[in-house]
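The data block below is upload08.cif; it holds mmCIF, C-alpha atoms and all ligand atoms.
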data_protein
#
loop_
_atom_site.label_atom_id
_atom_site.label_comp_id
_atom_site.auth_asym_id
_atom_site.auth_seq_id
_atom_site.Cartn_x
_atom_site.Cartn_y
_atom_site.Cartn_z
CA MET A 15 98.36 87.45 68.93
CA LYS A 16 97.30 89.20 72.15
CA LEU A 17 98.78 89.22 75.61
CA TYR A 18 96.29 89.83 78.43
CA ASP A 19 98.29 91.78 80.94
CA PHE A 20 97.97 93.97 84.03
CA SER A 21 100.69 96.51 84.76
CA GLY A 22 100.06 96.32 88.54
CA ALA A 23 100.64 92.58 89.00
CA PRO A 24 103.86 90.56 89.38
CA ASN A 25 103.24 87.57 87.11
CA PRO A 26 102.46 89.49 83.91
CA ARG A 27 105.50 91.63 84.66
CA ARG A 28 107.66 88.53 84.24
CA VAL A 29 106.41 88.15 80.68
CA ARG A 30 106.82 91.85 79.88
CA ILE A 31 110.44 91.77 81.05
CA PHE A 32 111.09 88.58 79.10
CA LEU A 33 109.70 90.17 75.92
CA ALA A 34 111.75 93.33 76.51
CA GLU A 35 114.91 91.22 76.82
CA LYS A 36 114.03 89.49 73.54
CA GLY A 37 113.16 92.79 71.86
CA VAL A 38 109.75 91.43 70.84
CA ASP A 39 106.59 93.58 70.68
CA VAL A 40 103.22 91.98 71.32
CA GLU A 41 99.81 93.65 71.43
CA THR A 42 98.62 93.80 75.03
CA VAL A 43 95.21 94.20 76.63
CA GLN A 44 95.07 95.51 80.19
CA VAL A 45 92.85 93.50 82.54
CA ASN A 46 92.59 95.23 85.91
CA ILE A 47 92.44 92.49 88.54
CA PHE A 48 91.87 95.05 91.33
CA GLU A 49 88.66 96.07 89.53
CA LYS A 50 87.79 92.36 89.02
CA GLU A 51 87.94 92.71 85.23
CA ASN A 52 89.45 89.21 85.07
CA LEU A 53 86.24 87.88 86.65
CA SER A 54 83.99 89.38 83.96
CA PRO A 55 82.13 87.09 81.53
CA GLU A 56 84.15 88.72 78.70
CA PHE A 57 87.47 87.65 80.14
CA GLU A 58 86.12 84.29 81.27
CA ALA A 59 85.32 83.65 77.61
CA VAL A 60 89.01 84.26 76.84
CA ASN A 61 90.38 82.09 79.66
CA PRO A 62 88.04 80.22 82.03
CA ARG A 63 90.86 80.15 84.63
CA ARG A 64 90.43 83.93 84.80
CA ILE A 65 94.12 84.56 85.39
CA ILE A 66 96.70 86.76 83.78
CA PRO A 67 98.99 86.71 81.98
CA SER A 68 97.13 84.85 79.25
CA LEU A 69 98.47 84.70 75.71
CA VAL A 70 96.05 84.15 72.84
CA LEU A 71 97.64 83.02 69.58
CA ASP A 72 96.29 83.96 66.15
CA ASP A 73 94.63 80.53 65.83
CA GLY A 74 92.79 81.08 69.13
CA THR A 75 95.01 78.85 71.26
CA VAL A 76 95.30 80.14 74.83
CA ILE A 77 98.51 79.71 76.81
CA ASP A 78 98.61 80.71 80.47
CA GLU A 79 101.28 80.33 83.18
CA SER A 80 104.03 82.93 82.91
CA LEU A 81 106.82 80.40 82.51
CA ALA A 82 104.93 78.58 79.73
CA ILE A 83 104.29 81.87 77.90
CA CYS A 84 108.00 82.72 78.17
CA ARG A 85 108.88 79.27 76.87
CA TYR A 86 106.62 79.85 73.86
CA PHE A 87 108.50 83.06 73.05
CA GLU A 88 111.86 81.36 73.65
CA ALA A 89 110.98 78.79 70.98
CA ALA A 90 109.64 81.46 68.61
CA PHE A 91 112.57 83.87 69.17
CA PRO A 92 115.56 81.81 70.35
CA GLU A 93 118.02 84.71 70.76
CA PRO A 94 119.12 85.66 73.32
CA ALA A 95 118.67 82.29 75.03
CA LEU A 96 116.93 82.93 78.33
CA PHE A 97 116.17 79.32 79.32
CA GLY A 98 119.84 78.29 79.22
CA ALA A 99 122.02 77.12 76.33
CA THR A 100 123.46 73.78 77.44
CA ALA A 101 121.57 70.82 78.95
CA LYS A 102 123.06 71.65 82.36
CA GLU A 103 122.09 75.31 82.14
CA GLN A 104 118.57 74.45 81.03
CA GLY A 105 118.12 72.09 83.96
CA LEU A 106 119.39 74.67 86.44
CA VAL A 107 117.32 77.51 84.98
CA GLU A 108 114.14 75.41 85.14
CA SER A 109 114.92 74.26 88.68
CA TRP A 110 115.50 77.80 89.92
CA ALA A 111 112.54 79.30 88.08
CA ARG A 112 110.18 76.73 89.65
CA ARG A 113 111.71 77.13 93.10
CA ILE A 114 111.38 80.90 92.89
CA GLU A 115 107.73 80.66 91.85
CA GLN A 116 106.94 78.39 94.78
CA ASP A 117 109.26 79.76 97.47
CA GLY A 118 109.01 83.45 96.52
CA ILE A 119 106.04 84.54 94.39
CA THR A 120 103.58 82.14 96.03
CA GLN A 121 104.66 83.20 99.54
CA ALA A 122 104.21 86.89 98.71
CA ALA A 123 100.81 86.05 97.22
CA TYR A 124 99.84 84.30 100.49
CA VAL A 125 100.54 87.56 102.31
CA ILE A 126 98.62 89.97 100.09
CA ARG A 127 95.76 87.69 99.12
CA ASN A 128 94.95 86.79 102.71
CA GLU A 129 95.11 90.28 104.21
CA ASN A 130 94.24 92.89 101.57
CA PRO A 131 90.51 93.75 101.49
CA ARG A 132 90.71 93.87 97.68
CA PHE A 133 91.04 90.11 97.72
CA GLU A 134 88.23 89.42 100.14
CA ASP A 135 86.65 86.13 99.05
CA ARG A 136 89.28 85.99 96.27
CA ALA A 137 92.17 84.47 98.19
CA VAL A 138 93.22 82.32 95.23
CA ALA A 139 93.84 83.94 91.83
CA GLY A 140 90.91 83.54 89.47
CA LEU A 141 88.54 82.14 92.12
CA THR A 142 85.55 83.67 93.87
CA ASP A 143 83.84 82.42 97.06
CA CYS A 144 87.33 81.70 98.30
CA PRO A 145 87.71 83.21 101.79
CA GLN A 146 90.91 84.68 103.18
CA ILE A 147 92.77 82.72 105.87
CA PRO A 148 94.61 85.37 107.96
CA GLU A 149 97.09 82.81 109.42
CA LEU A 150 98.52 82.27 105.95
CA THR A 151 99.91 85.82 105.87
CA GLU A 152 102.37 84.98 108.65
CA ARG A 153 103.37 81.77 106.93
CA GLY A 154 103.92 83.73 103.72
CA ARG A 155 106.17 86.22 105.54
CA LYS A 156 108.25 83.40 107.01
CA GLY A 157 108.48 81.70 103.65
CA LEU A 158 109.68 84.92 102.02
CA SER A 159 112.34 85.51 104.67
CA ALA A 160 113.73 82.00 104.16
CA PHE A 161 113.60 82.51 100.40
CA TYR A 162 115.70 85.70 100.61
CA VAL A 163 118.40 83.89 102.60
CA ARG A 164 118.60 81.05 100.07
CA LEU A 165 118.72 83.46 97.16
CA ASN A 166 121.49 85.40 98.88
CA ASP A 167 123.47 82.17 99.47
CA GLN A 168 123.19 81.32 95.80
CA LEU A 169 124.15 84.82 94.65
CA ALA A 170 127.20 84.78 96.91
CA LYS A 171 128.49 81.92 94.71
CA SER A 172 127.12 82.81 91.34
CA GLN A 173 126.88 85.99 89.24
CA TYR A 174 123.34 85.23 88.12
CA ILE A 175 120.73 82.99 89.73
CA ALA A 176 121.37 79.92 87.60
CA GLY A 177 125.06 80.42 86.81
CA ASP A 178 127.16 82.67 84.63
CA ASN A 179 124.36 83.89 82.38
CA TYR A 180 121.26 86.03 82.84
CA SER A 181 118.12 83.93 82.41
CA VAL A 182 114.40 83.67 83.05
CA ALA A 183 115.36 82.58 86.59
CA ASP A 184 116.70 86.12 87.20
CA ILE A 185 113.50 87.62 85.78
CA THR A 186 111.37 85.40 88.02
CA ALA A 187 113.51 86.19 91.06
CA MET A 188 113.47 89.95 90.45
CA CYS A 189 109.68 89.95 90.20
CA ALA A 190 109.46 87.75 93.32
CA VAL A 191 111.71 89.99 95.43
CA ASP A 192 110.01 93.21 94.25
CA PHE A 193 106.65 91.57 95.04
CA GLY A 194 107.97 90.62 98.48
CA ASP A 195 108.92 94.27 99.05
CA PHE A 196 105.49 95.36 97.88
CA VAL A 197 103.75 93.12 100.44
CA GLY A 198 105.95 94.57 103.17
CA VAL A 199 108.68 91.94 103.57
CA GLU A 200 111.86 93.83 102.77
CA VAL A 201 115.21 92.22 102.03
CA PRO A 202 117.34 92.51 105.21
CA SER A 203 120.33 94.82 104.64
CA HIS A 204 122.89 92.16 105.64
CA LEU A 205 122.03 90.05 102.57
CA ALA A 206 124.70 91.82 100.53
CA ALA A 207 124.92 89.48 97.54
CA LEU A 208 121.17 89.73 97.03
CA ALA A 209 121.28 93.53 97.31
CA ASN A 210 124.11 93.73 94.79
CA TRP A 211 122.29 91.48 92.31
CA ARG A 212 119.11 93.58 92.71
CA GLU A 213 121.03 96.70 91.75
CA ARG A 214 122.36 94.97 88.65
CA MET A 215 118.88 93.76 87.71
CA ALA A 216 117.30 97.18 88.25
CA ALA A 217 119.93 98.73 85.94
CA ARG A 218 118.75 96.62 82.99
CA GLU A 219 116.44 98.50 80.63
CA SER A 220 113.97 95.58 80.68
CA SER A 221 113.31 96.06 84.40
CA LYS A 222 111.13 99.07 83.52
CA ALA A 223 108.77 96.96 81.39
N1 LIG B 1 101.07 80.52 88.12
C1 LIG B 1 100.52 81.63 87.38
C2 LIG B 1 99.96 82.63 88.37
C3 LIG B 1 99.14 83.69 87.68
C4 LIG B 1 98.49 84.64 88.69
O1 LIG B 1 98.38 84.33 89.88
N2 LIG B 1 98.11 85.81 88.19
C5 LIG B 1 97.43 86.77 89.02
C6 LIG B 1 98.02 88.15 88.82
S1 LIG B 1 99.70 88.20 89.34
C7 LIG B 1 95.97 86.78 88.63
O2 LIG B 1 95.64 86.46 87.52
N3 LIG B 1 95.09 87.14 89.56
C8 LIG B 1 93.69 87.09 89.28
C9 LIG B 1 92.86 87.36 90.50
O3 LIG B 1 93.37 87.96 91.44
O4 LIG B 1 91.70 86.94 90.50
C10 LIG B 1 101.60 82.25 86.48
O5 LIG B 1 102.77 81.94 86.71
O6 LIG B 1 101.31 82.99 85.55
#

What does the file become when written as structure tokens?
Ligand SMILES: N[C@@H](CCC(=O)N[C@@H](CS)C(=O)NCC(=O)O)C(=O)O
Amino acid sequence: MKLYDFSGAPNPRRVRIFLAEKGVDVETVQVNIFEKENLSPEFEAVNPRRIIPSLVLDDGTVIDESLAICRYFEAAFPEPALFGATAKEQGLVESWARRIEQDGITQAAYVIRNENPRFEDRAVAGLTDCPQIPELTERGRKGLSAFYVRLNDQLAKSQYIAGDNYSVADITAMCAVDFGDFVGVEVPSHLAALANWRERMAARESSKA
């Protein structure tokens, strides 16, 4: 089994943190998206979508999408449960993880992919001949700001994103907020519940993965 990874990108980081929480080691191969290694014929032969993370199983099956890769490892290594234990928890974890992908990670990606010269003509992950649309950076910034407020509201009521237990929703949210920071949209200091949760997340050993 091989995990195609890039230490400088937010989505593969989600999988690395998930694996660290599970205590599972997987062979990784670095694919530098800044250097366009994901667009090479060699990587295209691995995954024609040309995105990372991509997990290749021993029988050659390729699984992409961070959440799907995490779900594979959840089924293979059930403890600790990171997709929720009860039906209610599982529904909430899935709901939050999807919301955070759309309302957080995607918004931060709009910012960087439409303004950074590295992504010229590569405004959508894995695509070429895909021009940047500068107006989308502003929309991404607005989306991120609204996302932070909603996350803060939730964390004012709940110890972890999806309830009383740490889950893949926290992993997704931590990577989303750190990515937001990285693209220059910082969490406003008055969002105290969010700041407190970030400190707790950063204190976990897995956050360094
Ligand atoms: N929805 C996918 C998104 C994957 C994605 O966007 N990966 C980025 C790195 S964070 C990528 O592969 N970029 C390739 C590129 O820039 O061409 C997931 O959750 O894994």

Residues of chain A that approach ligand LIG 1 (chain B) to 8 Å or less, counting only C-alpha atoms and all ligand atoms: could you list each one with the shortest pair of atoms and its distance in Å to one decimal, rows by chain and increasing residue number, as JSON lines?
{"residue": "A:Phe20", "atom": "CA", "partner": "B:LIG1", "partner_atom": "C6", "distance": 7.5}
{"residue": "A:Ala23", "atom": "CA", "partner": "B:LIG1", "partner_atom": "S1", "distance": 4.5}
{"residue": "A:Pro24", "atom": "CA", "partner": "B:LIG1", "partner_atom": "S1", "distance": 4.8}
{"residue": "A:Asn25", "atom": "CA", "partner": "B:LIG1", "partner_atom": "S1", "distance": 4.2}
{"residue": "A:Pro26", "atom": "CA", "partner": "B:LIG1", "partner_atom": "S1", "distance": 6.2}
{"residue": "A:Ile47", "atom": "CA", "partner": "B:LIG1", "partner_atom": "O3", "distance": 5.5}
{"residue": "A:Phe48", "atom": "CA", "partner": "B:LIG1", "partner_atom": "O3", "distance": 7.2}
{"residue": "A:Lys50", "atom": "CA", "partner": "B:LIG1", "partner_atom": "O4", "distance": 6.8}
{"residue": "A:Asn52", "atom": "CA", "partner": "B:LIG1", "partner_atom": "O4", "distance": 6.3}
{"residue": "A:Leu53", "atom": "CA", "partner": "B:LIG1", "partner_atom": "O4", "distance": 6.7}
{"residue": "A:Arg64", "atom": "CA", "partner": "B:LIG1", "partner_atom": "C8", "distance": 6.4}
{"residue": "A:Ile65", "atom": "CA", "partner": "B:LIG1", "partner_atom": "O2", "distance": 3.2}
{"residue": "A:Ile66", "atom": "CA", "partner": "B:LIG1", "partner_atom": "O2", "distance": 3.9}
{"residue": "A:Pro67", "atom": "CA", "partner": "B:LIG1", "partner_atom": "O6", "distance": 5.7}
{"residue": "A:Ser68", "atom": "CA", "partner": "B:LIG1", "partner_atom": "O6", "distance": 7.8}
{"residue": "A:Asp78", "atom": "CA", "partner": "B:LIG1", "partner_atom": "O6", "distance": 6.2}
{"residue": "A:Glu79", "atom": "CA", "partner": "B:LIG1", "partner_atom": "O6", "distance": 3.6}
{"residue": "A:Ser80", "atom": "CA", "partner": "B:LIG1", "partner_atom": "O6", "distance": 3.8}
{"residue": "A:Leu81", "atom": "CA", "partner": "B:LIG1", "partner_atom": "O5", "distance": 6.0}
{"residue": "A:Glu115", "atom": "CA", "partner": "B:LIG1", "partner_atom": "O5", "distance": 7.3}
{"residue": "A:Ala123", "atom": "CA", "partner": "B:LIG1", "partner_atom": "O1", "distance": 7.9}
{"residue": "A:Phe133", "atom": "CA", "partner": "B:LIG1", "partner_atom": "O3", "distance": 7.0}
{"residue": "A:Arg136", "atom": "CA", "partner": "B:LIG1", "partner_atom": "O4", "distance": 6.3}
{"residue": "A:Ala137", "atom": "CA", "partner": "B:LIG1", "partner_atom": "O3", "distance": 7.7}
{"residue": "A:Val138", "atom": "CA", "partner": "B:LIG1", "partner_atom": "O4", "distance": 6.8}
{"residue": "A:Ala139", "atom": "CA", "partner": "B:LIG1", "partner_atom": "C9", "distance": 3.8}
{"residue": "A:Gly140", "atom": "CA", "partner": "B:LIG1", "partner_atom": "O4", "distance": 3.6}
{"residue": "A:Leu141", "atom": "CA", "partner": "B:LIG1", "partner_atom": "O4", "distance": 6.0}
{"residue": "A:Thr142", "atom": "CA", "partner": "B:LIG1", "partner_atom": "O4", "distance": 7.7}

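Considering the residues A:Thr120, A:Cys189, A:Ile175, A:Arg155 and counting only C-alpha atoms, A:Ala223 has its shortest atom-to-atom contact with A:Cys189.
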
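Closest approach to A:Gly177 among A:Arg63, A:Asp19, A:Leu106, A:Ile77: A:Leu106, based on all atoms listed in the file.
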
Q. How many Å separate atom CA of A:Pro145 from atom CA of A:Arg132?
A.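 It comes out at 11.8 Å.
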
Q. Just how far from atom CA of A:Tyr18 is atom CA of A:Trp110, in Å to one decimal?
A. 25.4 Å

Q.
Using Å and a single decimal, report how far atom CA of A:Arg85 sits from atom CA of A:Val38.
A.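 Straight-line distance from atom CA of A:Val38 to atom CA of A:Arg85 works out to 13.6 Å.
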
Q: Compare A:Leu17, A:Ser221, A:Glu88, A:Ala82 by their minimum atom-to-atom distance to A:Val70, counting only C-alpha atoms, and give me the closest one.
A: A:Leu17

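Nearest-residue note for A:Leu96: choosing from A:Ile147, A:Val182, A:Val45, A:Met15, the minimum distance belongs to A:Val182, counting only C-alpha atoms.
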
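Closest approach to A:Leu169 from the set A:Phe193, A:Phe87, A:Trp211, A:Tyr124 is made by A:Trp211, with distances taken over all atoms listed in the file.
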
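Nearest residue to A:Phe196 among A:Glu108, A:Val163, A:Ala122, A:Ser172 is A:Ala122, counting all atoms listed in the file.
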